[in-house]
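S.K.: For reference, this is coords-v5.cif, and it has mmCIF, C-alpha atoms.
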```
data_protein
loop_
_atom_site.label_atom_id
_atom_site.label_comp_id
_atom_site.auth_asym_id
_atom_site.auth_seq_id
_atom_site.Cartn_x
_atom_site.Cartn_y
_atom_site.Cartn_z
CA MET A 1435 45.74 -7.78 -35.28
CA TYR A 1436 44.07 -6.44 -38.42
CA GLN A 1437 47.29 -5.05 -39.89
CA GLU A 1438 49.25 -8.23 -39.23
CA LEU A 1439 46.50 -10.31 -40.83
CA LEU A 1440 46.52 -8.01 -43.83
CA GLU A 1441 50.29 -8.37 -44.15
CA LYS A 1442 49.88 -12.17 -43.75
CA LYS A 1443 52.11 -12.20 -40.71
CA LYS A 1444 49.19 -13.82 -38.89
CA THR A 1445 46.59 -16.32 -40.05
CA ILE A 1446 42.82 -16.71 -39.88
CA ALA A 1447 41.41 -20.16 -39.09
CA VAL A 1448 37.80 -20.98 -39.99
CA VAL A 1449 36.58 -23.94 -37.93
CA GLY A 1450 33.70 -25.76 -39.63
CA LEU A 1451 33.43 -25.72 -43.44
CA GLY A 1452 29.75 -26.24 -44.16
CA TYR A 1453 27.26 -23.86 -45.77
CA VAL A 1454 28.56 -21.04 -43.57
CA GLY A 1455 32.23 -21.73 -42.99
CA LEU A 1456 33.39 -22.52 -46.52
CA PRO A 1457 32.11 -19.30 -48.16
CA ILE A 1458 33.63 -17.28 -45.31
CA ALA A 1459 36.98 -19.05 -45.64
CA LEU A 1460 37.06 -18.41 -49.38
CA GLU A 1461 36.12 -14.73 -48.98
CA PHE A 1462 38.82 -14.25 -46.35
CA GLY A 1463 41.22 -16.11 -48.64
CA LYS A 1464 41.01 -13.25 -51.14
CA HIS A 1465 42.82 -10.94 -48.71
CA PHE A 1466 44.26 -12.99 -45.83
CA LYS A 1467 46.14 -16.21 -45.19
CA VAL A 1468 43.54 -18.77 -44.11
CA ILE A 1469 43.39 -22.24 -42.57
CA GLY A 1470 40.11 -23.99 -43.34
CA PHE A 1471 39.45 -26.73 -40.77
CA ASP A 1472 36.77 -29.42 -40.76
CA ILE A 1473 36.55 -32.60 -38.70
CA LYS A 1474 35.55 -34.72 -41.73
CA PRO A 1475 38.61 -35.71 -43.83
CA ASP A 1476 36.47 -36.74 -46.83
CA ARG A 1477 34.94 -33.26 -47.02
CA VAL A 1478 38.38 -31.69 -46.71
CA GLU A 1479 39.67 -33.79 -49.62
CA MET A 1480 36.77 -32.58 -51.76
CA MET A 1481 37.61 -28.97 -50.96
CA LYS A 1482 41.27 -29.54 -51.74
CA ASN A 1483 40.04 -30.62 -55.18
CA HIS A 1484 37.94 -27.45 -55.53
CA GLN A 1485 34.64 -29.20 -54.79
CA ASP A 1486 32.00 -27.82 -52.43
CA PRO A 1487 30.46 -30.78 -50.53
CA SER A 1488 27.29 -28.70 -50.10
CA LYS A 1489 27.05 -28.13 -53.88
CA GLU A 1490 26.54 -24.40 -53.36
CA LEU A 1491 29.78 -23.03 -54.85
CA PRO A 1492 31.27 -23.68 -58.29
CA SER A 1493 34.82 -24.98 -58.70
CA GLU A 1494 36.11 -21.56 -59.77
CA ALA A 1495 35.13 -20.12 -56.36
CA PHE A 1496 38.27 -21.83 -55.01
CA ASP A 1497 40.60 -20.21 -57.53
CA ASN A 1498 43.26 -17.75 -56.33
CA LYS A 1499 42.32 -18.08 -52.65
CA ASP A 1500 45.02 -18.35 -49.96
CA VAL A 1501 43.30 -21.17 -48.07
CA MET A 1502 44.87 -24.36 -46.72
CA PHE A 1503 42.25 -27.03 -46.05
CA THR A 1504 42.91 -29.48 -43.24
CA ALA A 1505 41.32 -32.00 -40.88
CA ASN A 1506 44.32 -31.93 -38.53
CA ALA A 1507 43.56 -29.94 -35.36
CA GLU A 1508 47.31 -29.44 -34.81
CA ASP A 1509 47.32 -27.03 -37.76
CA LEU A 1510 45.13 -24.65 -35.74
CA LYS A 1511 48.17 -23.78 -33.64
CA ASP A 1512 49.44 -21.74 -36.61
CA ALA A 1513 46.38 -19.46 -36.51
CA HIS A 1514 45.79 -16.24 -34.58
CA PHE A 1515 42.24 -15.19 -35.52
CA PHE A 1516 39.72 -18.02 -35.13
CA VAL A 1517 36.24 -18.03 -36.67
CA VAL A 1518 33.83 -20.70 -35.41
CA ALA A 1519 31.16 -21.70 -37.94
CA VAL A 1520 29.93 -25.08 -36.73
CA PRO A 1521 26.29 -26.29 -36.61
CA THR A 1522 24.13 -25.60 -33.55
CA PRO A 1523 21.15 -27.98 -33.84
CA VAL A 1524 18.55 -29.08 -31.29
CA ASP A 1525 18.07 -32.64 -30.06
CA LYS A 1526 14.88 -34.73 -30.36
CA HIS A 1527 13.54 -32.98 -27.26
CA LYS A 1528 14.04 -29.54 -28.88
CA VAL A 1529 16.88 -28.73 -26.47
CA PRO A 1530 19.93 -26.87 -27.88
CA ASN A 1531 22.77 -29.22 -28.73
CA LEU A 1532 25.93 -27.24 -27.99
CA LYS A 1533 28.29 -30.17 -28.49
CA PRO A 1534 29.71 -28.92 -31.85
CA VAL A 1535 30.37 -25.36 -30.64
CA LEU A 1536 31.82 -26.55 -27.31
CA SER A 1537 34.01 -29.09 -29.13
CA ALA A 1538 35.27 -26.32 -31.40
CA SER A 1539 36.02 -24.21 -28.33
CA ASP A 1540 37.95 -27.13 -26.90
CA MET A 1541 40.16 -27.44 -29.99
CA ILE A 1542 40.75 -23.70 -30.20
CA GLY A 1543 41.50 -23.49 -26.48
CA LYS A 1544 44.37 -25.92 -27.00
CA ALA A 1545 45.74 -23.75 -29.81
CA LEU A 1546 45.14 -20.33 -28.24
CA LYS A 1547 48.08 -17.98 -27.72
CA PRO A 1548 48.44 -14.55 -26.10
CA GLY A 1549 47.06 -11.88 -28.43
CA ASP A 1550 44.75 -14.25 -30.33
CA TYR A 1551 41.12 -13.55 -31.28
CA VAL A 1552 38.14 -15.94 -31.35
CA VAL A 1553 34.95 -14.96 -33.18
CA TYR A 1554 31.84 -17.15 -33.04
CA GLU A 1555 29.40 -17.21 -35.96
CA SER A 1556 27.26 -20.18 -34.93
CA THR A 1557 23.69 -19.33 -33.87
CA VAL A 1558 23.36 -19.57 -30.07
CA TYR A 1559 21.21 -18.16 -27.30
CA PRO A 1560 22.23 -14.79 -25.79
CA GLY A 1561 25.01 -15.37 -23.27
CA CYS A 1562 26.33 -18.62 -24.73
CA THR A 1563 29.60 -17.18 -26.04
CA GLU A 1564 30.64 -15.64 -22.74
CA GLU A 1565 29.00 -18.10 -20.34
CA ASP A 1566 29.63 -21.45 -22.08
CA CYS A 1567 32.45 -21.02 -24.61
CA VAL A 1568 34.85 -18.56 -22.99
CA PRO A 1569 35.36 -20.68 -19.82
CA ILE A 1570 36.53 -23.56 -22.04
CA LEU A 1571 38.94 -21.28 -23.89
CA GLU A 1572 40.32 -19.97 -20.60
CA GLN A 1573 40.62 -23.37 -18.96
CA LEU A 1574 42.45 -25.09 -21.82
CA SER A 1575 44.70 -22.17 -22.74
CA GLY A 1576 45.46 -20.91 -19.23
CA LEU A 1577 44.78 -17.42 -20.58
CA LYS A 1578 42.25 -14.77 -19.53
CA ILE A 1579 39.75 -13.05 -21.79
CA GLY A 1580 40.38 -9.34 -22.26
CA LYS A 1581 43.84 -9.53 -20.79
CA ASP A 1582 45.40 -12.30 -22.91
CA PHE A 1583 42.99 -12.91 -25.79
CA LYS A 1584 39.90 -11.33 -27.32
CA VAL A 1585 36.48 -12.76 -28.16
CA GLY A 1586 33.69 -11.58 -30.44
CA TYR A 1587 30.46 -12.71 -32.04
CA SER A 1588 29.38 -12.11 -35.65
CA PRO A 1589 26.28 -14.12 -36.62
CA GLU A 1590 26.11 -15.78 -40.01
CA ARG A 1591 23.42 -14.64 -42.44
CA ILE A 1592 23.93 -17.07 -45.30
CA ASN A 1593 20.82 -18.11 -47.22
CA PRO A 1594 21.41 -21.51 -48.93
CA GLY A 1595 20.53 -21.50 -52.60
CA ASP A 1596 20.50 -17.70 -52.81
CA LYS A 1597 22.93 -16.54 -55.52
CA LYS A 1598 22.11 -12.84 -55.02
CA ASN A 1599 22.30 -12.34 -51.25
CA THR A 1600 25.70 -13.94 -50.78
CA ILE A 1601 27.96 -13.42 -47.76
CA ALA A 1602 29.79 -10.50 -49.37
CA ASN A 1603 26.53 -8.68 -50.13
CA ILE A 1604 24.83 -8.80 -46.74
CA ILE A 1605 25.51 -6.35 -43.88
CA LYS A 1606 27.34 -8.21 -41.12
CA ILE A 1607 26.68 -7.71 -37.42
CA VAL A 1608 29.91 -7.69 -35.41
CA SER A 1609 30.63 -7.46 -31.70
CA GLY A 1610 33.57 -7.77 -29.33
CA CYS A 1611 34.39 -8.20 -25.66
CA ASP A 1612 35.77 -4.64 -25.54
CA GLU A 1613 36.24 -1.59 -27.79
CA GLU A 1614 39.63 -2.71 -29.08
CA SER A 1615 38.37 -6.16 -30.12
CA LEU A 1616 35.25 -4.67 -31.71
CA ASP A 1617 37.39 -2.36 -33.83
CA HIS A 1618 39.74 -5.09 -35.06
CA ILE A 1619 36.94 -7.60 -35.71
CA ALA A 1620 34.95 -4.97 -37.60
CA LYS A 1621 37.93 -4.13 -39.81
CA VAL A 1622 38.56 -7.78 -40.65
CA TYR A 1623 34.97 -8.31 -41.77
CA GLU A 1624 34.76 -4.94 -43.52
CA LYS A 1625 37.47 -6.23 -45.83
CA ILE A 1626 35.11 -8.86 -47.27
CA ILE A 1627 31.63 -7.35 -46.72
CA ILE A 1628 30.67 -4.87 -49.46
CA PRO A 1629 27.81 -3.05 -47.61
CA GLY A 1630 29.90 -2.89 -44.42
CA VAL A 1631 29.21 -4.00 -40.86
CA TYR A 1632 26.92 -3.07 -37.99
CA ARG A 1633 28.77 -2.72 -34.68
CA ALA A 1634 26.55 -4.16 -31.96
CA GLU A 1635 26.77 -2.78 -28.43
CA SER A 1636 27.72 -6.14 -26.92
CA ILE A 1637 28.17 -9.82 -27.69
CA LYS A 1638 24.80 -10.60 -26.12
CA VAL A 1639 23.07 -8.03 -28.31
CA ALA A 1640 24.61 -9.61 -31.42
CA GLU A 1641 23.59 -13.11 -30.28
CA ALA A 1642 20.05 -11.95 -29.57
CA ALA A 1643 19.76 -10.11 -32.89
CA LYS A 1644 20.59 -13.28 -34.80
CA VAL A 1645 18.23 -15.55 -32.93
CA ILE A 1646 15.24 -13.20 -33.29
CA GLU A 1647 15.75 -12.79 -37.05
CA ASN A 1648 14.67 -16.37 -37.67
CA THR A 1649 12.22 -16.44 -34.75
CA GLN A 1650 10.32 -13.54 -36.31
CA ARG A 1651 10.13 -15.35 -39.65
CA ASP A 1652 9.05 -18.56 -37.94
CA LEU A 1653 6.18 -16.74 -36.23
CA ASN A 1654 5.08 -15.06 -39.45
CA ILE A 1655 4.95 -18.41 -41.24
CA SER A 1656 3.10 -20.03 -38.33
CA PHE A 1657 0.42 -17.36 -38.74
CA VAL A 1658 -0.17 -18.19 -42.41
CA ASN A 1659 0.02 -21.92 -41.61
CA GLU A 1660 -2.76 -21.45 -39.07
CA LEU A 1661 -4.72 -19.52 -41.70
CA ALA A 1662 -4.25 -22.46 -44.08
CA ILE A 1663 -5.77 -24.80 -41.51
CA ILE A 1664 -8.73 -22.47 -40.96
CA PHE A 1665 -9.32 -21.78 -44.67
CA SER A 1666 -9.11 -25.49 -45.43
CA LYS A 1667 -12.12 -26.00 -43.15
CA MET A 1668 -13.90 -23.11 -44.91
CA GLY A 1669 -13.22 -24.53 -48.35
CA ILE A 1670 -11.42 -21.45 -49.67
CA SER A 1671 -7.92 -21.07 -51.08
CA THR A 1672 -5.24 -19.62 -48.79
CA HIS A 1673 -3.40 -18.60 -51.95
CA ASP A 1674 -6.38 -16.55 -53.14
CA VAL A 1675 -6.88 -14.92 -49.74
CA ILE A 1676 -3.22 -13.91 -49.45
CA ASN A 1677 -3.19 -12.49 -52.98
CA ALA A 1678 -6.25 -10.41 -52.19
CA ALA A 1679 -4.88 -9.17 -48.85
CA SER A 1680 -1.53 -8.34 -50.48
CA THR A 1681 -3.14 -5.46 -52.37
CA LYS A 1682 -2.86 -3.48 -49.10
CA TRP A 1683 0.48 -1.67 -48.98
CA ASN A 1684 1.55 -2.84 -45.52
CA PHE A 1685 0.44 -6.47 -45.69
CA ILE A 1686 3.37 -8.89 -45.33
CA LYS A 1687 3.00 -11.52 -48.05
CA LEU A 1688 4.12 -14.98 -46.93
CA GLN A 1689 3.08 -18.44 -48.05
CA PRO A 1690 2.23 -21.43 -45.83
CA GLY A 1691 4.48 -24.47 -45.86
CA LEU A 1692 6.67 -26.92 -43.99
CA VAL A 1693 9.21 -25.05 -41.84
CA GLY A 1694 12.43 -27.05 -41.64
CA GLY A 1695 16.12 -26.46 -42.15
CA HIS A 1696 18.91 -25.58 -39.77
CA CYS A 1697 17.76 -22.03 -38.96
CA ILE A 1698 14.08 -21.09 -38.90
CA GLY A 1699 12.90 -24.39 -37.43
CA VAL A 1700 15.72 -24.47 -34.86
CA ASP A 1701 16.69 -20.99 -33.69
CA PRO A 1702 13.47 -20.22 -31.76
CA TYR A 1703 14.24 -23.12 -29.43
CA TYR A 1704 17.56 -21.50 -28.49
CA LEU A 1705 15.74 -18.35 -27.41
CA THR A 1706 12.98 -20.17 -25.53
CA TYR A 1707 15.52 -22.45 -23.81
CA LYS A 1708 17.38 -19.46 -22.35
CA SER A 1709 14.12 -17.71 -21.51
CA LYS A 1710 12.93 -20.69 -19.46
CA GLN A 1711 16.27 -20.76 -17.64
CA LEU A 1712 15.60 -17.18 -16.61
CA GLY A 1713 12.13 -18.05 -15.32
CA TYR A 1714 9.93 -16.86 -18.17
CA ASP A 1715 7.87 -19.39 -20.13
CA PRO A 1716 7.44 -17.96 -23.68
CA GLN A 1717 3.90 -18.05 -25.03
CA VAL A 1718 3.84 -16.62 -28.55
CA ILE A 1719 7.10 -18.17 -29.76
CA LEU A 1720 6.26 -21.70 -28.61
CA SER A 1721 2.72 -21.40 -29.93
CA GLY A 1722 4.12 -20.66 -33.38
CA ARG A 1723 6.53 -23.56 -33.10
CA ARG A 1724 3.70 -25.96 -32.22
CA ILE A 1725 1.77 -24.92 -35.31
CA ASN A 1726 4.76 -25.28 -37.63
CA ASP A 1727 5.87 -28.58 -36.11
CA GLY A 1728 2.32 -29.89 -36.56
CA MET A 1729 2.04 -29.16 -40.29
CA PRO A 1730 3.49 -32.51 -41.50
CA PHE A 1731 0.70 -34.35 -39.65
CA PHE A 1732 -1.92 -31.93 -41.00
CA VAL A 1733 -0.80 -32.51 -44.62
CA ALA A 1734 -0.59 -36.29 -44.15
CA LYS A 1735 -4.07 -36.40 -42.61
CA LYS A 1736 -5.59 -34.32 -45.42
CA THR A 1737 -3.96 -36.56 -48.04
CA VAL A 1738 -5.29 -39.72 -46.42
CA GLN A 1739 -8.76 -38.17 -46.02
CA HIS A 1740 -8.87 -37.37 -49.74
CA MET A 1741 -7.93 -40.97 -50.58
CA ILE A 1742 -10.53 -42.41 -48.20
CA LYS A 1743 -13.25 -40.21 -49.75
CA GLN A 1744 -12.43 -41.85 -53.07
CA GLY A 1745 -12.89 -45.31 -51.57
CA LYS A 1746 -9.19 -46.03 -51.27
CA ASP A 1747 -8.01 -47.99 -48.23
CA PRO A 1748 -4.78 -46.31 -46.96
CA LYS A 1749 -3.03 -49.66 -46.47
CA ASP A 1750 -3.52 -50.43 -50.17
CA THR A 1751 -2.34 -47.05 -51.45
CA LYS A 1752 0.95 -45.75 -52.81
CA VAL A 1753 1.90 -42.07 -52.53
CA LEU A 1754 4.72 -40.19 -54.23
CA VAL A 1755 6.40 -37.38 -52.26
CA MET A 1756 8.33 -34.98 -54.48
CA GLY A 1757 11.21 -33.34 -52.64
CA ILE A 1758 12.95 -33.97 -49.31
CA THR A 1759 15.33 -30.99 -48.92
CA PHE A 1760 14.34 -28.20 -46.54
CA LYS A 1761 14.01 -25.68 -49.41
CA GLU A 1762 14.07 -25.54 -53.19
CA ASP A 1763 17.18 -26.16 -55.30
CA VAL A 1764 19.54 -27.03 -52.44
CA SER A 1765 20.90 -30.39 -51.28
CA ASP A 1766 20.54 -29.69 -47.55
CA ILE A 1767 18.25 -32.19 -45.80
CA ARG A 1768 18.87 -31.08 -42.21
CA ASN A 1769 15.71 -30.90 -40.10
CA SER A 1770 13.57 -31.72 -43.13
CA LYS A 1771 9.89 -31.58 -42.24
CA VAL A 1772 9.20 -33.61 -45.38
CA ALA A 1773 10.80 -36.53 -43.54
CA ASP A 1774 8.25 -36.00 -40.77
CA LEU A 1775 5.51 -35.99 -43.42
CA VAL A 1776 6.75 -39.33 -44.76
CA ASN A 1777 6.71 -40.80 -41.26
CA GLU A 1778 3.17 -39.53 -40.67
CA LEU A 1779 1.97 -41.12 -43.92
CA GLU A 1780 3.58 -44.41 -42.96
CA GLN A 1781 1.72 -44.26 -39.64
CA PHE A 1782 -1.45 -44.45 -41.76
CA SER A 1783 0.00 -47.62 -43.41
CA VAL A 1784 0.54 -45.79 -46.71
CA LYS A 1785 3.38 -46.99 -48.96
CA VAL A 1786 5.56 -43.97 -49.76
CA ASP A 1787 8.06 -43.30 -52.55
CA VAL A 1788 10.27 -40.23 -52.07
CA HIS A 1789 12.06 -38.56 -54.97
CA ASP A 1790 14.46 -35.62 -54.95
CA PRO A 1791 16.93 -34.72 -57.74
CA GLU A 1792 19.00 -32.53 -55.41
CA ALA A 1793 19.45 -34.75 -52.35
CA SER A 1794 21.75 -37.70 -51.66
CA SER A 1795 19.91 -40.97 -51.03
CA ALA A 1796 22.74 -42.15 -48.76
CA GLU A 1797 22.49 -38.99 -46.64
CA VAL A 1798 18.71 -39.30 -46.45
CA HIS A 1799 18.99 -42.92 -45.31
CA GLU A 1800 21.60 -42.04 -42.70
CA ALA A 1801 19.49 -39.18 -41.33
CA TYR A 1802 15.95 -40.55 -41.66
CA GLY A 1803 16.12 -44.29 -42.30
CA PHE A 1804 14.69 -44.47 -45.84
CA HIS A 1805 16.11 -44.25 -49.36
CA LEU A 1806 15.12 -42.04 -52.26
CA ILE A 1807 13.91 -43.58 -55.51
CA ASP A 1808 16.07 -42.92 -58.57
CA GLU A 1809 13.18 -42.83 -61.03
CA ILE A 1810 9.56 -41.86 -60.43
CA GLY A 1811 7.27 -44.86 -60.90
CA LYS A 1812 3.61 -45.22 -61.84
CA ASP A 1813 0.20 -46.05 -60.36
CA TYR A 1814 0.35 -43.54 -57.51
CA ASP A 1815 -2.91 -42.99 -55.66
CA ALA A 1816 -1.77 -39.52 -54.63
CA ILE A 1817 1.18 -37.22 -55.21
CA ILE A 1818 2.45 -34.69 -52.68
CA ALA A 1819 4.53 -31.94 -54.28
CA ALA A 1820 6.53 -30.92 -51.22
CA VAL A 1821 9.51 -28.90 -52.51
CA ASN A 1822 9.37 -26.52 -55.46
CA HIS A 1823 12.61 -27.52 -57.20
CA LYS A 1824 13.05 -25.94 -60.63
CA SER A 1825 13.06 -29.40 -62.21
CA TYR A 1826 9.51 -29.97 -60.92
CA LEU A 1827 8.03 -26.66 -62.08
CA SER A 1828 7.67 -27.72 -65.73
CA LEU A 1829 5.66 -30.87 -64.94
CA ASP A 1830 2.14 -30.64 -66.30
CA GLU A 1831 -1.29 -32.17 -65.95
CA ASN A 1832 -0.64 -34.84 -68.57
CA TYR A 1833 2.49 -36.01 -66.79
CA PHE A 1834 0.76 -36.38 -63.45
CA ARG A 1835 -2.17 -38.20 -65.02
CA SER A 1836 0.22 -40.65 -66.71
CA ILE A 1837 1.68 -41.82 -63.40
CA MET A 1838 -1.48 -41.79 -61.24
CA THR A 1839 -4.51 -43.97 -60.71
CA ASP A 1840 -8.04 -42.59 -61.02
CA PRO A 1841 -9.10 -40.24 -59.67
CA PRO A 1842 -5.73 -38.42 -59.52
CA ILE A 1843 -5.11 -36.68 -56.19
CA LEU A 1844 -2.50 -33.91 -56.13
CA VAL A 1845 -1.47 -32.28 -52.86
CA ASP A 1846 0.51 -29.16 -53.75
CA ILE A 1847 2.11 -27.85 -50.55
CA LYS A 1848 3.87 -24.88 -52.17
CA SER A 1849 1.10 -24.10 -54.72
CA MET A 1850 3.49 -24.88 -57.58
CA TYR A 1851 0.70 -25.97 -59.86
CA TYR A 1852 -2.04 -23.67 -58.63
CA LYS A 1853 -4.42 -22.84 -61.53
CA LYS A 1854 -2.25 -25.00 -63.81
CA ILE A 1855 -4.21 -28.13 -62.95
CA ASN A 1856 -7.78 -28.66 -64.15
CA THR A 1857 -9.62 -29.22 -60.87
CA GLU A 1858 -12.49 -30.89 -62.76
CA ASP A 1859 -10.16 -33.74 -63.72
CA PHE A 1860 -7.98 -33.69 -60.58
CA ILE A 1861 -8.62 -33.70 -56.90
CA TYR A 1862 -6.32 -30.79 -56.07
CA TRP A 1863 -5.50 -29.42 -52.63
CA SER A 1864 -2.85 -27.01 -51.39
CA LEU A 1865 -2.02 -25.28 -48.14
#
```
Turn this file's structure into structure tokens for me.

M.R.:
Amino acid sequence: MYQELLEKKKTIAVVGLGYVGLPIALEFGKHFKVIGFDIKPDRVEMMKNHQDPSKELPSEAFDNKDVMFTANAEDLKDAHFFVVAVPTPVDKHKVPNLKPVLSASDMIGKALKPGDYVVYESTVYPGCTEEDCVPILEQLSGLKIGKDFKVGYSPERINPGDKKNTIANIIKIVSGCDEESLDHIAKVYEKIIIPGVYRAESIKVAEAAKVIENTQRDLNISFVNELAIIFSKMGISTHDVINAASTKWNFIKLQPGLVGGHCIGVDPYYLTYKSKQLGYDPQVILSGRRINDGMPFFVAKKTVQHMIKQGKDPKDTKVLVMGITFKEDVSDIRNSKVADLVNELEQFSVKVDVHDPEASSAEVHEAYGFHLIDEIGKDYDAIIAAVNHKSYLSLDENYFRSIMTDPPILVDIKSMYYKKINTEDFIYWSL
């Protein structure tokens, strides 16, 4: 398989061209013949014109790459090595939504031929590839895993907005359904991954490794978020406490905040879902999730309390929320906890303006039911700095005072303006 791909006698198909799939397709396109498939024709047209719909990659990233972009599932029949990089979200009940990955399996199953390979990159719970996806591939192709086609799992590790730790610079975990498939899959990825690959013992091990990476980070952040709640009651700065504790060599320095996005705020639910199926009710993981999911309400309540202390009736107040994306300097709004914060403020009858220079107002409205403002207004009773975009970092005390009523209340979730704001003139609070 590897040699025929290298000689371009066979073709790689990347199914799903979002934050994960498009960079992979372009990296493969340096060495192999690639079909880049996405179900959204408008996104495909943008990529044909060397535009990244996610605004992560520059136009020149498309240059000299052997990639054919398509929204026609029939084109998948020309491929022999399939890479699945579709989203794996959770629904409103925090239950894994496998529809995208199962739909991708359906399309690939109809295109599968003897000798083909299928590698899943989407984050799933351990066992999903073999227990949920492979049966679809077998049923629709009439082929048998191991005998007629091979399957593997290689979890994505892309960090949106990170220009240093790109796909080519991060060690890649790979796995296969047998030794032969592991060897070929490893060689394919080794061609594009500079530090090389880690060969996991099994597909389940690779799936589990991915899901615990983000679960561990989620738990660490939930710890500092709980500290922020406690220290808020004590009247001391979480920022100061963490800086002091960080002088110890083995202290892990993390900052409190809203935990959203398509990975950290989602992946733990995949692990706990499978755990419950097996009869074990997770305690620590779900406890951390409850804390992180509760932070939007905590911030909204603290903001309203500060306004009430200043004699402001919430129903007569206007609050500016700066930032809606799940992290700084990206356009991704998936699973934005800032949207939850906006909803919590509105439950207190507060009028809310939301501004974000990186996000699309149309996408925000489609996902969350409200629009972004194009220009920041005036006469805000409080401002919540929610996302530390670079364009916000240069804003100073005079600017905030010019657009706020007295007394100015600044809620600085990410401590962007910590010790830059005169707390004698401002009511300043941060996590």

S.K.: Could you list the residues chosen by the PyMOL selection byres ((chain A and resi 1825) around 10) in this structure as a list in words?

M.R.: Glu1762, Asp1763, Asp1790, Pro1791, Glu1792, Asn1822, His1823, Lys1824, Tyr1826, Leu1827, Ser1828 and Leu1829 of chain A

S.K.: Could you write out the selected residues, including C-alpha atoms, as an mmCIF file, in the coordinates of the input?

M.R.:
```
data_model
loop_
_atom_site.group_PDB
_atom_site.id
_atom_site.type_symbol
_atom_site.label_atom_id
_atom_site.label_comp_id
_atom_site.auth_asym_id
_atom_site.auth_seq_id
_atom_site.Cartn_x
_atom_site.Cartn_y
_atom_site.Cartn_z
ATOM 1 C CA GLU A 1762 14.070 -25.540 -53.190
ATOM 2 C CA ASP A 1763 17.180 -26.160 -55.300
ATOM 3 C CA ASP A 1790 14.460 -35.620 -54.950
ATOM 4 C CA PRO A 1791 16.930 -34.720 -57.740
ATOM 5 C CA GLU A 1792 19.000 -32.530 -55.410
ATOM 6 C CA ASN A 1822 9.370 -26.520 -55.460
ATOM 7 C CA HIS A 1823 12.610 -27.520 -57.200
ATOM 8 C CA LYS A 1824 13.050 -25.940 -60.630
ATOM 9 C CA TYR A 1826 9.510 -29.970 -60.920
ATOM 10 C CA LEU A 1827 8.030 -26.660 -62.080
ATOM 11 C CA SER A 1828 7.670 -27.720 -65.730
ATOM 12 C CA LEU A 1829 5.660 -30.870 -64.940
#
```

S.K.: Which of these, A:Leu1510, A:Ile1818, A:Leu1456, A:Cys1562, has the shortest distance to Ala1495 (chain A) once you count all atoms listed in the file?

M.R.: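 Smallest separation from Ala1495 (chain A) among the options: A:Leu1456.
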
S.K.: List, as a tab-separated table (two decimals) with C-alpha atoms, in the coordinates of the input, every residue that the PyMOL selection byres ((chain A and resi 1754) around 9) selects in the file provided.

M.R.:
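Below you can see out-v8.tsv, which holds the result:
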```tsv
chain	number	residue	atom	x	y	z
A	1752	LYS	CA	0.95	-45.75	-52.81
A	1753	VAL	CA	1.90	-42.07	-52.53
A	1755	VAL	CA	6.40	-37.38	-52.26
A	1756	MET	CA	8.33	-34.98	-54.48
A	1785	LYS	CA	3.38	-46.99	-48.96
A	1786	VAL	CA	5.56	-43.97	-49.76
A	1787	ASP	CA	8.06	-43.30	-52.55
A	1788	VAL	CA	10.27	-40.23	-52.07
A	1789	HIS	CA	12.06	-38.56	-54.97
A	1810	ILE	CA	9.56	-41.86	-60.43
A	1811	GLY	CA	7.27	-44.86	-60.90
A	1814	TYR	CA	0.35	-43.54	-57.51
A	1815	ASP	CA	-2.91	-42.99	-55.66
A	1816	ALA	CA	-1.77	-39.52	-54.63
A	1817	ILE	CA	1.18	-37.22	-55.21
A	1818	ILE	CA	2.45	-34.69	-52.68
A	1819	ALA	CA	4.53	-31.94	-54.28
```

S.K.: Under the PyMOL selection byres ((chain A and resi 1767) around 8), which residues of this model are included? Write them out as a compact mmCIF listing (two decimals) with C-alpha atoms, keeping the file's coordinate frame.

M.R.:
```
# COMPACT_ATOMS: atom_id res chain seq x y z
CA GLY A 1695 16.12 -26.46 -42.15
CA ILE A 1758 12.95 -33.97 -49.31
CA THR A 1759 15.33 -30.99 -48.92
CA PHE A 1760 14.34 -28.20 -46.54
CA SER A 1765 20.90 -30.39 -51.28
CA ASP A 1766 20.54 -29.69 -47.55
CA ARG A 1768 18.87 -31.08 -42.21
CA ASN A 1769 15.71 -30.90 -40.10
CA SER A 1770 13.57 -31.72 -43.13
CA ALA A 1793 19.45 -34.75 -52.35
CA VAL A 1798 18.71 -39.30 -46.45
```

S.K.: Just want the 12 Å neighbourhood of Ile1742 (chain A), counted on all atoms listed in the file, with same-chain residues fewer than 6 positions away dropped. Output as a ChimeraX atom specification.

M.R.: /A:1735-1736,1748-1751,1782,1784,1815-1816,1841,1843

S.K.: Kindly indicate which residue among A:Val1478, A:Val1529, A:Ala1634, A:Val1517 lies nearest to Thr1504 (chain A), using all atoms listed in the file for the distances.

M.R.: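 Closest to Thr1504 (chain A) of all the choices is A:Val1478.
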
S.K.: Could you work out how far CA of Arg1651 (chain A) lies from CA of Leu1692 (chain A), giving the answer in Å with one decimal?

M.R.: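 These two atoms are separated by 12.8 Å.
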
S.K.: Residues within 12 Å of Glu1613 (chain A), please, as a list in words. Count all atoms listed in the file; anything in the same chain fewer than 3 positions from it doesn't count.

M.R.: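 That gives Gly1580, Lys1584, Val1585, Gly1586, Val1608, Ser1609, Gly1610, Leu1616, Asp1617, His1618, Ile1619, Ala1620, Arg1633, Ala1634, Glu1635, Ser1636 and Ile1637 of chain A.
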
S.K.: What's the separation between CA of Asn1777 (chain A) and CA of Ala1734 (chain A), in Å to one decimal place?

M.R.: 9.1 Å

S.K.: Can you tell me which residues surround region 1706-1723 of chain A at a distance of at most 12 Å, considering all atoms listed in the file, apart from same-chain residues fewer than 2 positions away, and format the answer as an MDAnalysis selection string?

M.R.: chainID A and resid 1524 1527:1531 1558:1562 1565 1641:1642 1645:1646 1648:1660 1692:1694 1698:1704 1725:1729
